[in-house]
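Asks: One file: model.txt (compact mmCIF, C-alpha atoms and all ligand atoms).
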```txt
# COMPACT_ATOMS: atom_id res chain seq x y z
CA MET A 485 107.41 26.14 62.65
CA SER A 486 107.65 26.44 58.89
CA ALA A 487 111.13 26.62 57.37
CA GLU A 488 112.51 29.40 55.25
CA ILE A 489 113.05 27.94 51.80
CA ILE A 490 116.61 28.62 50.66
CA ASP A 491 116.42 30.12 47.19
CA GLY A 492 119.30 28.50 45.28
CA LYS A 493 118.52 30.42 42.09
CA LYS A 494 118.77 33.76 43.86
CA ILE A 495 122.08 32.82 45.51
CA ALA A 496 123.41 31.58 42.17
CA ASN A 497 122.40 34.83 40.45
CA GLU A 498 124.19 36.90 43.09
CA ILE A 499 127.37 34.85 42.60
CA LYS A 500 127.09 35.18 38.80
CA GLU A 501 126.58 38.94 39.04
CA ARG A 502 129.85 39.24 41.00
CA LEU A 503 131.65 37.05 38.43
CA LYS A 504 130.66 39.27 35.47
CA GLU A 505 133.04 42.02 36.57
CA GLU A 506 135.90 39.54 36.97
CA ILE A 507 135.22 38.08 33.51
CA ASP A 508 135.45 41.59 32.00
CA ILE A 509 138.79 42.19 33.74
CA LEU A 510 140.13 38.84 32.50
CA LYS A 511 139.08 39.70 28.95
CA LYS A 512 140.86 43.06 29.19
CA LYS A 513 143.97 41.25 30.44
CA GLY A 514 143.88 38.95 27.36
CA LYS A 515 142.83 35.83 29.30
CA PRO A 516 139.14 35.29 28.48
CA PRO A 517 137.79 32.29 30.42
CA SER A 518 137.14 29.37 28.10
CA LEU A 519 135.78 26.02 29.26
CA SER A 520 136.44 22.80 27.32
CA ALA A 521 134.22 19.83 28.07
CA ILE A 522 135.08 16.26 27.08
CA GLN A 523 132.27 13.78 26.59
CA VAL A 524 132.85 10.11 25.79
CA GLY A 525 130.02 8.00 24.38
CA GLU A 526 126.31 8.62 24.56
CA ASN A 527 124.74 9.20 27.94
CA PRO A 528 121.36 10.95 28.17
CA GLY A 529 122.11 12.42 31.63
CA SER A 530 125.47 13.76 30.55
CA LYS A 531 123.89 15.27 27.42
CA VAL A 532 121.50 17.27 29.61
CA TYR A 533 124.41 18.55 31.76
CA VAL A 534 126.42 19.54 28.70
CA LYS A 535 123.51 21.53 27.30
CA ALA A 536 122.98 23.29 30.63
CA GLN A 537 126.70 24.01 30.99
CA ARG A 538 126.85 25.60 27.54
CA LYS A 539 123.83 27.76 28.30
CA SER A 540 125.21 29.01 31.62
CA CYS A 541 128.69 29.67 30.23
CA GLU A 542 127.41 31.53 27.19
CA SER A 543 125.02 33.63 29.29
CA MET A 544 128.11 34.85 31.18
CA GLY A 545 130.24 35.47 28.08
CA ILE A 546 132.41 32.43 28.81
CA GLU A 547 133.41 30.44 25.73
CA TYR A 548 132.30 26.78 25.87
CA ASN A 549 133.71 24.06 23.62
CA LEU A 550 132.43 20.50 23.65
CA HIS A 551 134.74 17.71 22.45
CA GLN A 552 132.82 14.49 21.80
CA PHE A 553 134.43 11.08 21.39
CA SER A 554 133.07 7.65 20.58
CA GLU A 555 132.99 5.15 23.46
CA ASN A 556 135.68 3.17 21.62
CA ILE A 557 138.32 5.80 22.38
CA THR A 558 141.38 4.25 24.05
CA GLN A 559 142.75 5.46 27.36
CA LYS A 560 145.94 6.57 25.58
CA GLU A 561 143.96 8.65 23.07
CA LEU A 562 141.93 10.28 25.82
CA SER A 563 145.01 11.05 27.94
CA ASP A 564 146.76 12.56 24.91
CA PHE A 565 143.74 14.79 24.32
CA ILE A 566 143.65 15.94 27.97
CA GLN A 567 147.38 16.77 27.75
CA LYS A 568 146.70 18.75 24.57
CA LEU A 569 144.06 20.83 26.38
CA ASN A 570 146.44 21.26 29.36
CA GLN A 571 149.02 22.77 27.02
CA ASP A 572 146.65 25.03 25.06
CA PRO A 573 146.83 28.54 26.60
CA ARG A 574 143.40 29.42 25.14
CA VAL A 575 141.78 26.68 27.24
CA THR A 576 141.43 27.95 30.80
CA GLY A 577 139.09 25.27 32.17
CA ILE A 578 138.60 21.54 31.52
CA ILE A 579 135.68 19.37 32.52
CA LEU A 580 135.57 15.62 31.94
CA GLN A 581 131.96 14.47 31.81
CA MET A 582 131.06 11.31 33.71
CA PRO A 583 130.38 8.47 33.27
CA LEU A 584 133.29 7.19 31.21
CA PRO A 585 133.19 3.73 29.56
CA GLY A 586 134.38 0.86 31.79
CA HIS A 587 137.74 0.40 30.01
CA ILE A 588 138.83 3.93 30.96
CA ASN A 589 140.17 4.63 34.44
CA ALA A 590 138.24 7.76 35.43
CA ARG A 591 140.45 8.62 38.42
CA GLU A 592 143.57 8.33 36.28
CA MET A 593 142.03 10.71 33.70
CA GLN A 594 141.05 13.21 36.43
CA ARG A 595 144.61 13.04 37.76
CA LEU A 596 145.90 14.14 34.35
CA ILE A 597 143.91 17.39 34.29
CA ASP A 598 146.14 20.37 35.08
CA PRO A 599 145.00 21.37 38.64
CA THR A 600 144.90 25.04 37.58
CA LYS A 601 142.44 24.13 34.78
CA ASP A 602 140.36 21.70 36.82
CA ALA A 603 136.99 23.50 36.65
CA GLU A 604 135.15 20.80 38.61
CA GLY A 605 137.77 20.62 41.36
CA VAL A 606 138.08 16.84 41.08
CA SER A 607 141.82 16.35 40.51
CA PRO A 608 143.73 14.81 43.45
CA THR A 609 145.56 18.11 44.00
CA ASN A 610 142.36 20.09 44.39
CA MET A 611 140.74 17.37 46.50
CA GLY A 612 143.87 17.42 48.67
CA MET A 613 143.57 21.18 49.16
CA VAL A 614 140.14 20.52 50.70
CA VAL A 615 141.91 18.53 53.44
CA TYR A 616 144.04 21.61 54.13
CA GLY A 617 140.88 23.77 54.21
CA LYS A 618 142.18 25.89 51.34
CA PRO A 619 140.35 24.80 48.20
CA LEU A 620 141.38 26.98 45.25
CA LEU A 621 139.26 25.14 42.73
CA GLY A 622 137.10 23.06 45.08
CA PRO A 623 134.62 20.31 44.15
CA CYS A 624 131.59 22.25 42.87
CA THR A 625 128.74 20.56 44.77
CA ALA A 626 130.57 20.57 48.11
CA MET A 627 131.41 24.27 47.62
CA ALA A 628 127.77 24.95 46.69
CA ILE A 629 126.56 23.22 49.87
CA MET A 630 128.84 25.47 51.93
CA GLU A 631 127.47 28.57 50.13
CA LEU A 632 123.92 27.46 50.90
CA VAL A 633 124.75 26.87 54.58
CA LYS A 634 126.51 30.27 54.69
CA SER A 635 123.40 31.96 53.26
CA THR A 636 121.48 31.07 56.45
CA LYS A 637 124.02 33.14 58.46
CA ILE A 638 123.85 30.64 61.34
CA ASP A 639 126.88 30.45 63.60
CA LEU A 640 128.60 27.19 62.63
CA TYR A 641 131.06 26.98 65.51
CA GLY A 642 130.43 23.82 67.55
CA LYS A 643 127.24 22.86 65.70
CA GLU A 644 126.37 19.18 65.14
CA ALA A 645 126.17 18.24 61.45
CA VAL A 646 125.28 15.00 59.77
CA MET A 647 126.38 14.29 56.21
CA VAL A 648 124.42 11.41 54.67
CA GLY A 649 126.39 9.96 51.74
CA HIS A 650 130.18 9.61 51.48
CA SER A 651 130.87 9.92 47.76
CA ASP A 652 134.25 11.28 46.68
CA ILE A 653 132.79 14.35 45.01
CA VAL A 654 130.02 15.29 47.44
CA GLY A 655 129.88 13.62 50.86
CA LYS A 656 133.58 13.35 51.76
CA PRO A 657 134.68 16.87 50.71
CA THR A 658 131.59 18.44 52.30
CA ALA A 659 132.34 16.71 55.60
CA LEU A 660 135.89 18.08 55.47
CA LEU A 661 134.75 21.61 54.64
CA LEU A 662 132.34 21.50 57.61
CA LEU A 663 135.10 20.21 59.92
CA ASP A 664 137.21 23.13 58.84
CA LYS A 665 134.50 25.46 60.23
CA PHE A 666 134.62 23.65 63.61
CA VAL A 667 131.37 21.86 62.96
CA THR A 668 131.19 18.46 64.73
CA THR A 669 130.47 16.28 61.71
CA SER A 670 129.20 12.70 61.47
CA VAL A 671 129.22 10.94 58.10
CA CYS A 672 126.59 8.28 57.34
CA HIS A 673 126.64 5.80 54.47
CA ILE A 674 125.13 2.55 53.32
CA ALA A 675 126.34 0.65 56.42
CA THR A 676 124.66 3.24 58.69
CA GLY A 677 121.44 2.63 56.78
CA GLU A 678 121.81 -1.17 56.93
CA ARG A 679 122.43 -1.05 60.68
CA GLY A 680 119.22 0.95 61.09
CA SER A 681 121.02 3.87 62.77
CA LEU A 682 120.24 6.53 60.16
CA PRO A 683 117.20 7.98 62.05
CA ASP A 684 119.29 8.29 65.25
CA TYR A 685 121.95 10.33 63.47
CA VAL A 686 119.49 12.50 61.55
CA LYS A 687 117.50 13.27 64.72
CA LYS A 688 120.50 14.96 66.34
CA ALA A 689 121.60 16.96 63.28
CA GLU A 690 121.46 20.75 63.61
CA ILE A 691 122.78 20.84 60.06
CA LEU A 692 121.67 17.96 57.85
CA ILE A 693 123.09 17.39 54.39
CA VAL A 694 121.81 14.51 52.30
CA ALA A 695 123.49 13.31 49.09
CA VAL A 696 122.34 9.78 48.36
CA GLY A 697 119.96 9.63 45.38
CA LYS A 698 117.02 7.80 47.03
CA ALA A 699 113.70 9.62 47.11
CA ASN A 700 112.22 10.13 50.59
CA LEU A 701 115.07 8.25 52.28
CA ILE A 702 115.01 10.84 55.07
CA LYS A 703 111.63 10.94 56.78
CA GLY A 704 110.35 14.38 57.73
CA GLU A 705 109.63 13.28 61.30
CA TRP A 706 113.35 12.55 61.85
CA ILE A 707 114.31 16.19 61.31
CA LYS A 708 115.41 18.00 64.47
CA GLU A 709 113.29 21.08 65.21
CA GLY A 710 115.08 24.13 63.80
CA ALA A 711 117.63 22.18 61.72
CA VAL A 712 119.18 23.50 58.50
CA VAL A 713 118.48 20.94 55.77
CA ILE A 714 120.41 20.81 52.50
CA ASP A 715 119.00 18.20 50.12
CA VAL A 716 121.44 17.34 47.32
CA GLY A 717 119.61 14.30 45.94
CA ILE A 718 118.01 14.30 42.51
CA ASN A 719 115.38 11.62 41.86
CA ARG A 720 112.79 11.34 39.11
CA ILE A 721 109.45 10.09 40.42
CA GLU A 722 106.47 9.91 38.06
CA GLY A 723 107.96 12.63 35.87
CA LYS A 724 108.65 14.90 38.86
CA ILE A 725 112.08 15.73 40.27
CA VAL A 726 112.38 15.28 44.03
CA GLY A 727 115.20 15.15 46.57
CA ASP A 728 116.15 12.59 49.22
CA VAL A 729 114.26 14.31 52.04
CA GLU A 730 110.52 14.06 52.61
CA PHE A 731 110.14 17.78 51.92
CA ASP A 732 106.56 18.56 52.97
CA VAL A 733 106.96 17.16 56.48
CA ALA A 734 110.61 18.26 56.88
CA LYS A 735 109.82 21.89 56.07
CA GLU A 736 107.45 22.05 59.05
CA ARG A 737 110.31 21.13 61.41
CA ALA A 738 113.41 22.72 59.84
CA SER A 739 114.44 26.37 60.15
CA TYR A 740 115.91 26.45 56.62
CA ILE A 741 115.55 23.91 53.82
CA THR A 742 116.60 23.70 50.18
CA PRO A 743 113.97 22.76 47.59
CA VAL A 744 114.59 20.21 44.81
CA PRO A 745 114.81 21.50 42.14
CA GLY A 746 115.98 25.06 42.74
CA GLY A 747 118.31 24.52 45.71
CA VAL A 748 121.75 22.91 45.35
CA GLY A 749 121.61 22.54 41.54
CA PRO A 750 121.80 26.21 40.46
CA VAL A 751 124.50 26.99 43.04
CA THR A 752 126.57 24.01 41.84
CA THR A 753 126.45 25.48 38.33
CA ALA A 754 127.48 28.88 39.71
CA MET A 755 130.45 27.17 41.41
CA LEU A 756 131.50 25.66 38.07
CA LEU A 757 131.48 29.16 36.58
CA ARG A 758 133.35 30.55 39.59
CA ASN A 759 136.01 27.84 39.30
CA THR A 760 136.34 28.58 35.57
CA VAL A 761 136.99 32.24 36.37
CA GLU A 762 139.33 31.42 39.30
CA ALA A 763 141.23 29.01 37.03
CA ALA A 764 141.86 31.73 34.44
CA LYS A 765 143.02 34.08 37.23
CA LEU A 766 145.41 31.42 38.60
CA GLN A 767 146.91 30.96 35.14
CA ILE A 768 147.90 34.62 34.91
CA GLY A 769 148.86 34.80 38.59
CA SER A 770 146.17 37.35 39.52
P1 LIG B 1 126.87 8.46 44.84
O1 LIG B 1 128.28 8.50 44.43
O2 LIG B 1 125.97 7.40 44.31
O3 LIG B 1 126.84 8.39 46.44
C1 LIG B 1 125.66 8.09 47.15
C2 LIG B 1 126.05 7.88 48.60
O4 LIG B 1 124.90 7.50 49.35
C3 LIG B 1 127.07 6.77 48.80
O5 LIG B 1 128.05 7.24 49.70
C4 LIG B 1 126.24 5.63 49.43
O6 LIG B 1 127.00 4.84 50.29
C5 LIG B 1 125.22 6.40 50.21
N1 LIG B 1 124.00 5.62 50.49
C6 LIG B 1 123.33 4.80 49.65
N2 LIG B 1 122.25 4.28 50.27
C7 LIG B 1 122.25 4.76 51.53
C8 LIG B 1 121.41 4.59 52.64
N3 LIG B 1 120.33 3.81 52.59
N4 LIG B 1 121.71 5.24 53.80
C9 LIG B 1 122.79 6.05 53.86
N5 LIG B 1 123.63 6.27 52.82
C10 LIG B 1 123.37 5.62 51.67
O7 LIG B 1 126.15 9.81 44.54
P2 LIG B 1 126.64 11.34 44.56
O8 LIG B 1 127.38 11.63 43.32
O9 LIG B 1 127.23 11.71 45.87
O10 LIG B 1 125.19 12.03 44.43
C11 LIG B 1 124.19 11.83 45.40
C12 LIG B 1 122.89 12.44 44.92
O11 LIG B 1 123.09 13.83 44.73
C13 LIG B 1 122.40 11.92 43.57
O12 LIG B 1 120.99 11.93 43.57
C14 LIG B 1 122.91 12.95 42.56
O13 LIG B 1 122.11 13.02 41.40
C15 LIG B 1 122.78 14.21 43.39
N6 LIG B 1 123.70 15.28 43.00
C16 LIG B 1 123.16 16.50 42.80
C17 LIG B 1 123.98 17.57 42.44
C18 LIG B 1 123.38 18.91 42.22
O14 LIG B 1 124.04 19.79 41.69
N7 LIG B 1 122.15 19.16 42.63
C19 LIG B 1 125.35 17.37 42.27
C20 LIG B 1 125.89 16.10 42.53
C21 LIG B 1 125.05 15.05 42.91
P3 LIG B 1 127.90 3.60 49.73
O15 LIG B 1 128.88 4.20 48.78
O16 LIG B 1 128.55 3.10 50.96
O17 LIG B 1 126.95 2.67 49.05
```
Starting from the coordinates I provided, produce the structure as structure tokens.
Replies:
Amino acid sequence: MSAEIIDGKKIANEIKERLKEEIDILKKKGKPPSLSAIQVGENPGSKVYVKAQRKSCESMGIEYNLHQFSENITQKELSDFIQKLNQDPRVTGIILQMPLPGHINAREMQRLIDPTKDAEGVSPTNMGMVVYGKPLLGPCTAMAIMELVKSTKIDLYGKEAVMVGHSDIVGKPTALLLLDKFVTTSVCHIATGERGSLPDYVKKAEILIVAVGKANLIKGEWIKEGAVVIDVGINRIEGKIVGDVEFDVAKERASYITPVPGGVGPVTTAMLLRNTVEAAKLQIGS
């Protein structure tokens, strides 16, 4: 069996096409979506994201403003700036680039972002809505994973899923979103790996989602025949970008699998755009 490769770029383009109409309507209603990004200090990874975000926003006619600060900014100065963006009616979406310098409490800063402007869906209010199964502006990668699973059209009810990785922005919310679809979901983390139980969990997964950041952590031979595999990991190996799953072997066992790159990444960006549009709609009550 050779898996169908899930085309993240195609799914992202379909989502973006649907958003274009909504952006036009918002512009006509006098609420053009406008995303403000805050970047503190110099981080090469974050610079790449910022560039990509600008490109995707501008290609959709969404205004993108980057506010850069030195890493010496105080927590008070940064919170004042977030409050200023919260109060500015022209700013419809806010994104706080990670990482932040050690002296700044990242969670506290995310808490300050107005939940109706929280384009990444990382504020406690939006995370909390995931628990209720009603994310308005949900965490982008978790929402993207659900879109990718949905694209396979498999019946989720009662399926066995394994989520490898329990980070606040990917693993935990994804597990909750799966639970909400009546998927029986196990969550694995570092202790599962240390105990040596990871292969046992992976082998029973009908839906496997991996978000760790370790190349080839998941051996292809562990994949259950016919499983849906969503590989979130991004790893740079000898100048090549690869995921966390041993792709070549896994694709011979899975029914559907996401490639890296070209799987989760483009859909995550589409979710950021969708949240930016949804945020503007929330602000005018439409
Ligand atoms: P993270 O915060 O570093 O979380 C990694 C998770 O993996 C942690 O829960 C960690 O557990 C767990 N883990 C580490 N080693 C393990 C092992 N041997 N066995 C099982 N679990 C293990 O990372 P993240 O933000 O969730 O991102 C994960 C990966 O996805 C990264 O490669 C990141 O670049 C990528 N990513 C991609 C996108 C995209 O759009 N394509 C978006 C977001 C993230 P402990 O916390 O217990 O150590």
Asks: At a cut-off of 9 Å, using all atoms listed in the file, what residues contact Gly697 (chain A)? Leave out same-chain residues fewer than 4 positions from it and give the result as a ChimeraX atom specification.
Replies: /A:701,716-719,727-728
Asks: Can you tell me which residues come within 6 Å of ligand LIG 1 (chain B) when counting only C-alpha atoms and all ligand atoms, ideally as an MDAnalysis selection string?
Replies: chainID A and resid 625 648:651 654:655 672:674 676:677 695:697 716:719 748:749 752
Asks: Those same residues, written as a PDB file, in the coordinates of the input with C-alpha atoms?
Replies:
```pdb
ATOM      1  CA  THR A 625     128.740  20.560  44.770  1.00  0.00           C
ATOM      2  CA  VAL A 648     124.420  11.410  54.670  1.00  0.00           C
ATOM      3  CA  GLY A 649     126.390   9.960  51.740  1.00  0.00           C
ATOM      4  CA  HIS A 650     130.180   9.610  51.480  1.00  0.00           C
ATOM      5  CA  SER A 651     130.870   9.920  47.760  1.00  0.00           C
ATOM      6  CA  VAL A 654     130.020  15.290  47.440  1.00  0.00           C
ATOM      7  CA  GLY A 655     129.880  13.620  50.860  1.00  0.00           C
ATOM      8  CA  CYS A 672     126.590   8.280  57.340  1.00  0.00           C
ATOM      9  CA  HIS A 673     126.640   5.800  54.470  1.00  0.00           C
ATOM     10  CA  ILE A 674     125.130   2.550  53.320  1.00  0.00           C
ATOM     11  CA  THR A 676     124.660   3.240  58.690  1.00  0.00           C
ATOM     12  CA  GLY A 677     121.440   2.630  56.780  1.00  0.00           C
ATOM     13  CA  ALA A 695     123.490  13.310  49.090  1.00  0.00           C
ATOM     14  CA  VAL A 696     122.340   9.780  48.360  1.00  0.00           C
ATOM     15  CA  GLY A 697     119.960   9.630  45.380  1.00  0.00           C
ATOM     16  CA  VAL A 716     121.440  17.340  47.320  1.00  0.00           C
ATOM     17  CA  GLY A 717     119.610  14.300  45.940  1.00  0.00           C
ATOM     18  CA  ILE A 718     118.010  14.300  42.510  1.00  0.00           C
ATOM     19  CA  ASN A 719     115.380  11.620  41.860  1.00  0.00           C
ATOM     20  CA  VAL A 748     121.750  22.910  45.350  1.00  0.00           C
ATOM     21  CA  GLY A 749     121.610  22.540  41.540  1.00  0.00           C
ATOM     22  CA  THR A 752     126.570  24.010  41.840  1.00  0.00           C
TER      23      THR A 752
END
```
Asks: As number ranges by chain, please: the residues near region 626-638 of chain A (cut-off 10 Å, only C-alpha atoms, same-chain neighbours under 4 positions excluded).
Replies: A: 488, 490-492, 495-496, 499, 605, 614, 619, 621-622, 643, 653-662, 691-693, 712-716, 739-742, 747-756
Asks: Selection from above, C-alpha atoms, as a PDB file, keeping the file's coordinate frame, can you write it?
Replies:
```pdb
ATOM      1  CA  GLU A 488     112.510  29.400  55.250  1.00  0.00           C
ATOM      2  CA  ILE A 490     116.610  28.620  50.660  1.00  0.00           C
ATOM      3  CA  ASP A 491     116.420  30.120  47.190  1.00  0.00           C
ATOM      4  CA  GLY A 492     119.300  28.500  45.280  1.00  0.00           C
ATOM      5  CA  ILE A 495     122.080  32.820  45.510  1.00  0.00           C
ATOM      6  CA  ALA A 496     123.410  31.580  42.170  1.00  0.00           C
ATOM      7  CA  ILE A 499     127.370  34.850  42.600  1.00  0.00           C
ATOM      8  CA  GLY A 605     137.770  20.620  41.360  1.00  0.00           C
ATOM      9  CA  VAL A 614     140.140  20.520  50.700  1.00  0.00           C
ATOM     10  CA  PRO A 619     140.350  24.800  48.200  1.00  0.00           C
ATOM     11  CA  LEU A 621     139.260  25.140  42.730  1.00  0.00           C
ATOM     12  CA  GLY A 622     137.100  23.060  45.080  1.00  0.00           C
ATOM     13  CA  LYS A 643     127.240  22.860  65.700  1.00  0.00           C
ATOM     14  CA  ILE A 653     132.790  14.350  45.010  1.00  0.00           C
ATOM     15  CA  VAL A 654     130.020  15.290  47.440  1.00  0.00           C
ATOM     16  CA  GLY A 655     129.880  13.620  50.860  1.00  0.00           C
ATOM     17  CA  LYS A 656     133.580  13.350  51.760  1.00  0.00           C
ATOM     18  CA  PRO A 657     134.680  16.870  50.710  1.00  0.00           C
ATOM     19  CA  THR A 658     131.590  18.440  52.300  1.00  0.00           C
ATOM     20  CA  ALA A 659     132.340  16.710  55.600  1.00  0.00           C
ATOM     21  CA  LEU A 660     135.890  18.080  55.470  1.00  0.00           C
ATOM     22  CA  LEU A 661     134.750  21.610  54.640  1.00  0.00           C
ATOM     23  CA  LEU A 662     132.340  21.500  57.610  1.00  0.00           C
ATOM     24  CA  ILE A 691     122.780  20.840  60.060  1.00  0.00           C
ATOM     25  CA  LEU A 692     121.670  17.960  57.850  1.00  0.00           C
ATOM     26  CA  ILE A 693     123.090  17.390  54.390  1.00  0.00           C
ATOM     27  CA  VAL A 712     119.180  23.500  58.500  1.00  0.00           C
ATOM     28  CA  VAL A 713     118.480  20.940  55.770  1.00  0.00           C
ATOM     29  CA  ILE A 714     120.410  20.810  52.500  1.00  0.00           C
ATOM     30  CA  ASP A 715     119.000  18.200  50.120  1.00  0.00           C
ATOM     31  CA  VAL A 716     121.440  17.340  47.320  1.00  0.00           C
ATOM     32  CA  SER A 739     114.440  26.370  60.150  1.00  0.00           C
ATOM     33  CA  TYR A 740     115.910  26.450  56.620  1.00  0.00           C
ATOM     34  CA  ILE A 741     115.550  23.910  53.820  1.00  0.00           C
ATOM     35  CA  THR A 742     116.600  23.700  50.180  1.00  0.00           C
ATOM     36  CA  GLY A 747     118.310  24.520  45.710  1.00  0.00           C
ATOM     37  CA  VAL A 748     121.750  22.910  45.350  1.00  0.00           C
ATOM     38  CA  GLY A 749     121.610  22.540  41.540  1.00  0.00           C
ATOM     39  CA  PRO A 750     121.800  26.210  40.460  1.00  0.00           C
ATOM     40  CA  VAL A 751     124.500  26.990  43.040  1.00  0.00           C
ATOM     41  CA  THR A 752     126.570  24.010  41.840  1.00  0.00           C
ATOM     42  CA  THR A 753     126.450  25.480  38.330  1.00  0.00           C
ATOM     43  CA  ALA A 754     127.480  28.880  39.710  1.00  0.00           C
ATOM     44  CA  MET A 755     130.450  27.170  41.410  1.00  0.00           C
ATOM     45  CA  LEU A 756     131.500  25.660  38.070  1.00  0.00           C
TER      46      LEU A 756
END
```
Asks: Find the residues around region 542-559 of chain A up to 7 Å (all atoms listed in the file counted), leave out those fewer than 2 positions away in its own chain, and share them as a PyMOL selection string.
Replies: chain A and resi 504+517-525+538-540+561-563+585+588
Asks: Write to file, as a short mmCIF file (atom, residue, chain, number, x, y, z; two decimals), in the coordinates of the input, the residues of the selection just made, with C-alpha atoms.
Replies:
```cif
data_model
loop_
_atom_site.label_atom_id
_atom_site.label_comp_id
_atom_site.auth_asym_id
_atom_site.auth_seq_id
_atom_site.Cartn_x
_atom_site.Cartn_y
_atom_site.Cartn_z
CA LYS A 504 130.66 39.27 35.47
CA PRO A 517 137.79 32.29 30.42
CA SER A 518 137.14 29.37 28.10
CA LEU A 519 135.78 26.02 29.26
CA SER A 520 136.44 22.80 27.32
CA ALA A 521 134.22 19.83 28.07
CA ILE A 522 135.08 16.26 27.08
CA GLN A 523 132.27 13.78 26.59
CA VAL A 524 132.85 10.11 25.79
CA GLY A 525 130.02 8.00 24.38
CA ARG A 538 126.85 25.60 27.54
CA LYS A 539 123.83 27.76 28.30
CA SER A 540 125.21 29.01 31.62
CA GLU A 561 143.96 8.65 23.07
CA LEU A 562 141.93 10.28 25.82
CA SER A 563 145.01 11.05 27.94
CA PRO A 585 133.19 3.73 29.56
CA ILE A 588 138.83 3.93 30.96
#
```
Asks: What gap, in Å, lies between CA of Arg758 (chain A) and CA of Met647 (chain A)?
Replies: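 These two atoms are separated by 24.3 Å.
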Asks: Using Å and a single decimal, report how far CA of Ile579 (chain A) sits from CA of Thr760 (chain A).
Replies: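 Separation between CA of Thr760 (chain A) and CA of Ile579 (chain A): 9.7 Å.
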Asks: Tell me which of A:Lys708, A:Lys765, A:Lys560, A:Arg720 sits closest to Pro683 (chain A), counting only C-alpha atoms.
Replies: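 Of all the options, A:Lys708 lies closest to Pro683 (chain A).
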Asks: Residues near region 566-573 of chain A, anyone? I mean within 10 Å using all atoms listed in the file, not counting same-chain ones fewer than 5 positions away, as a PDB file with C-alpha atoms, in the frame of the given file.
Replies:
```
ATOM      1  CA  LYS A 515     142.830  35.830  29.300  1.00  0.00           C
ATOM      2  CA  SER A 518     137.140  29.370  28.100  1.00  0.00           C
ATOM      3  CA  SER A 520     136.440  22.800  27.320  1.00  0.00           C
ATOM      4  CA  ILE A 522     135.080  16.260  27.080  1.00  0.00           C
ATOM      5  CA  LYS A 560     145.940   6.570  25.580  1.00  0.00           C
ATOM      6  CA  GLU A 561     143.960   8.650  23.070  1.00  0.00           C
ATOM      7  CA  ILE A 578     138.600  21.540  31.520  1.00  0.00           C
ATOM      8  CA  ILE A 579     135.680  19.370  32.520  1.00  0.00           C
ATOM      9  CA  LEU A 580     135.570  15.620  31.940  1.00  0.00           C
ATOM     10  CA  MET A 593     142.030  10.710  33.700  1.00  0.00           C
ATOM     11  CA  GLN A 594     141.050  13.210  36.430  1.00  0.00           C
ATOM     12  CA  LEU A 596     145.900  14.140  34.350  1.00  0.00           C
ATOM     13  CA  ILE A 597     143.910  17.390  34.290  1.00  0.00           C
ATOM     14  CA  ASP A 598     146.140  20.370  35.080  1.00  0.00           C
ATOM     15  CA  PRO A 599     145.000  21.370  38.640  1.00  0.00           C
ATOM     16  CA  THR A 600     144.900  25.040  37.580  1.00  0.00           C
ATOM     17  CA  LYS A 601     142.440  24.130  34.780  1.00  0.00           C
ATOM     18  CA  ASP A 602     140.360  21.700  36.820  1.00  0.00           C
ATOM     19  CA  ALA A 764     141.860  31.730  34.440  1.00  0.00           C
ATOM     20  CA  GLN A 767     146.910  30.960  35.140  1.00  0.00           C
TER      21      GLN A 767
END
```
Asks: Go through A:Ala711, A:Leu757, A:Met582, A:Val729 and flag the residue nearest Ala487 (chain A), using all atoms listed in the file for the distances.
Replies: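 Among the listed residues, the smallest separation from Ala487 (chain A) belongs to A:Ala711.
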Asks: State, in Å with one decimal place, the distance from CA of Gly586 (chain A) to CA of Glu604 (chain A).
Replies: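 Separating CA of Gly586 (chain A) from CA of Glu604 (chain A) is a distance of 21.1 Å.
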Asks: Draw an axis-aligned box tight on the listed atoms of region 602-615 of chain A, then pad every side by 5 Å and write out centre and edge lengths in Å to one decimal as AutoDock Vina command-line options.
Replies:
```
--center_x 140.4 --center_y 19.2 --center_z 45.0 --size_x 20.4 --size_y 18.7 --size_z 26.8
```
Asks: Starting from the point (146.5, 39.4, 36.5), work out which residues of protein, DNA or RNA have an atom no more than 12 Å away when counting all atoms listed in the file; state them as a list in words.
Replies: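 The residues that fall inside the cut-off are Glu506, Ile507, Ile509, Leu510, Lys511, Lys512, Lys513, Gly514, Lys515, Pro516, Val761, Glu762, Ala763, Ala764, Lys765, Leu766, Gln767, Ile768, Gly769 and Ser770 of chain A.
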Asks: Could I get region 728-732 of chain A rebuilt with N, CA, C and O atoms, written as a JSON list (two decimals), keeping the file's coordinate frame?
Replies:
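To be explicit, this is the file written out as part_23.json:
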```json
[["chain", "number", "residue", "atom", "x", "y", "z"],
["A", 728, "ASP", "N", 116.06, 13.78, 48.36],
["A", 728, "ASP", "CA", 116.15, 12.59, 49.22],
["A", 728, "ASP", "C", 115.38, 12.77, 50.52],
["A", 728, "ASP", "O", 115.24, 11.83, 51.30],
["A", 729, "VAL", "N", 114.92, 14.00, 50.77],
["A", 729, "VAL", "CA", 114.26, 14.31, 52.04],
["A", 729, "VAL", "C", 112.76, 14.46, 51.78],
["A", 729, "VAL", "O", 112.35, 15.04, 50.78],
["A", 730, "GLU", "N", 111.97, 13.94, 52.71],
["A", 730, "GLU", "CA", 110.52, 14.06, 52.61],
["A", 730, "GLU", "C", 110.17, 15.54, 52.88],
["A", 730, "GLU", "O", 110.00, 15.95, 54.04],
["A", 731, "PHE", "N", 110.12, 16.31, 51.82],
["A", 731, "PHE", "CA", 110.14, 17.78, 51.92],
["A", 731, "PHE", "C", 108.95, 18.35, 52.71],
["A", 731, "PHE", "O", 109.14, 19.17, 53.61],
["A", 732, "ASP", "N", 107.74, 17.92, 52.38],
["A", 732, "ASP", "CA", 106.56, 18.56, 52.97],
["A", 732, "ASP", "C", 106.53, 18.47, 54.50],
["A", 732, "ASP", "O", 106.14, 19.42, 55.17]]
```
